[in-house]
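> One structure follows; several queries about it will come next.
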Amino acid sequence: MKKIEAILRPQKLHDTIKALHEIGVTAFTVNQVVGRGMQKDRSGIYRGRNFTMSLHPKVKMEIVISDFMVERTVQTIIGAAQTGEAGDGKIFITSVEQAYNIRTGLVDETIDELRPIKEER
């Protein structure tokens, strides 16, 4: 199993979820986060005061998935979330050694219950 963490633009979340559903990935967690990367600071005036915004709003998707679905899932996220501009985000992949089902207390060996999807011809 692998854990995919994707940091995305908030406005691309809906498109990304829709694309993931199309390939059968329906289990994930989403959090609102702020972060700093290559994206430029934003400045402006709010209620008569100058401000600089150096942390940008993002969303973080976390997906634990079978090894055979990792590359397809990553490419789907990139296709749905990419704008070509600085600030599109990052994807990180780490190994998951074990998962437990809280309801049963047992090791969960069928984390996503996905089966390899036959390649389309």
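Chain labels run A, B, ... following the order of the structure tokens; each chain numbers its residues from 1, and ligands are numbered from 1 in the order shown.
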Using only C-alpha atoms, which protein or nucleic acid residues come within 12 Å of A:Arg72? Drop anything in the same chain fewer than 5 positions from it, and give the result as a PyMOL selection string.
chain A and resi 4+19-20+22-25+65-67+77-79+116-117+119
> Based on the selection just made, write N, CA and C atoms of those residues as an mmCIF file, in the first residue's frame.

data_model
loop_
_atom_site.group_PDB
_atom_site.id
_atom_site.type_symbol
_atom_site.label_atom_id
_atom_site.label_comp_id
_atom_site.auth_asym_id
_atom_site.auth_seq_id
_atom_site.Cartn_x
_atom_site.Cartn_y
_atom_site.Cartn_z
ATOM 1 N N ILE A 4 -0.716 8.575 -0.843
ATOM 2 C CA ILE A 4 -0.502 9.708 -1.741
ATOM 3 C C ILE A 4 -1.000 10.950 -1.029
ATOM 4 N N ALA A 19 -12.413 13.393 -11.338
ATOM 5 C CA ALA A 19 -11.497 12.555 -12.122
ATOM 6 C C ALA A 19 -11.119 11.284 -11.363
ATOM 7 N N LEU A 20 -10.915 11.398 -10.048
ATOM 8 C CA LEU A 20 -10.586 10.214 -9.244
ATOM 9 C C LEU A 20 -11.755 9.228 -9.224
ATOM 10 N N GLU A 22 -13.847 8.748 -11.543
ATOM 11 C CA GLU A 22 -13.899 8.105 -12.858
ATOM 12 C C GLU A 22 -12.966 6.903 -12.972
ATOM 13 N N ILE A 23 -11.886 6.871 -12.183
ATOM 14 C CA ILE A 23 -10.977 5.716 -12.227
ATOM 15 C C ILE A 23 -11.220 4.772 -11.051
ATOM 16 N N GLY A 24 -12.265 5.043 -10.262
ATOM 17 C CA GLY A 24 -12.630 4.141 -9.177
ATOM 18 C C GLY A 24 -12.022 4.457 -7.832
ATOM 19 N N VAL A 25 -11.385 5.606 -7.690
ATOM 20 C CA VAL A 25 -10.813 6.010 -6.398
ATOM 21 C C VAL A 25 -11.839 6.900 -5.701
ATOM 22 N N ILE A 65 -3.804 3.681 -0.954
ATOM 23 C CA ILE A 65 -4.249 2.912 -2.106
ATOM 24 C C ILE A 65 -3.305 1.749 -2.386
ATOM 25 N N SER A 66 -3.798 0.757 -3.097
ATOM 26 C CA SER A 66 -2.976 -0.392 -3.497
ATOM 27 C C SER A 66 -1.861 0.055 -4.436
ATOM 28 N N ASP A 67 -0.736 -0.655 -4.360
ATOM 29 C CA ASP A 67 0.434 -0.302 -5.175
ATOM 30 C C ASP A 67 0.119 -0.212 -6.662
ATOM 31 N N ILE A 77 -4.548 12.829 -10.863
ATOM 32 C CA ILE A 77 -4.485 14.062 -10.070
ATOM 33 C C ILE A 77 -3.797 15.159 -10.866
ATOM 34 N N ILE A 78 -2.661 14.844 -11.478
ATOM 35 C CA ILE A 78 -1.934 15.846 -12.269
ATOM 36 C C ILE A 78 -2.819 16.373 -13.399
ATOM 37 N N GLY A 79 -3.472 15.478 -14.107
ATOM 38 C CA GLY A 79 -4.326 15.901 -15.224
ATOM 39 C C GLY A 79 -5.463 16.805 -14.808
ATOM 40 N N PRO A 116 -7.240 -4.888 -10.092
ATOM 41 C CA PRO A 116 -6.619 -4.290 -11.272
ATOM 42 C C PRO A 116 -7.644 -4.090 -12.390
ATOM 43 N N ILE A 117 -7.658 -2.919 -12.956
ATOM 44 C CA ILE A 117 -8.600 -2.593 -14.018
ATOM 45 C C ILE A 117 -7.950 -2.976 -15.337
ATOM 46 N N GLU A 119 -6.744 -2.936 -18.998
ATOM 47 C CA GLU A 119 -6.374 -1.827 -19.877
ATOM 48 C C GLU A 119 -7.378 -1.729 -21.018
#
> If you run DSSP over the backbone, which residues in chain A end up strand (DSSP E)? Put them as number ranges by chain.
A: 2-8, 29-35, 42-46, 49-53, 56-65, 89-95
> Which of chain A end up as helix (DSSP H, G or I) when DSSP is run on this backbone - answer as a PyMOL selection string?
chain A and resi 10-22+67-81
> Can you work out the spacing between atom CA of A:Lys2 and atom CA of A:Val96 in Å, to one decimal?
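That distance, rounded to one decimal, is 5.2 Å.
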> Any idea what's packed within 7 Å of stretch 80-84 of chain A, counting only C-alpha atoms, ignoring anything in its chain fewer than 4 positions away? Could you give it as a list in words?
Leu8, Lys12, Asp15, Thr16, Ala19, Thr76 and Asp88 of chain A
> How many Å separate atom CA of A:Asn50 from atom CA of A:Gly89?
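Value for the atom CA of A:Asn50-atom CA of A:Gly89 distance: 27.1 Å.
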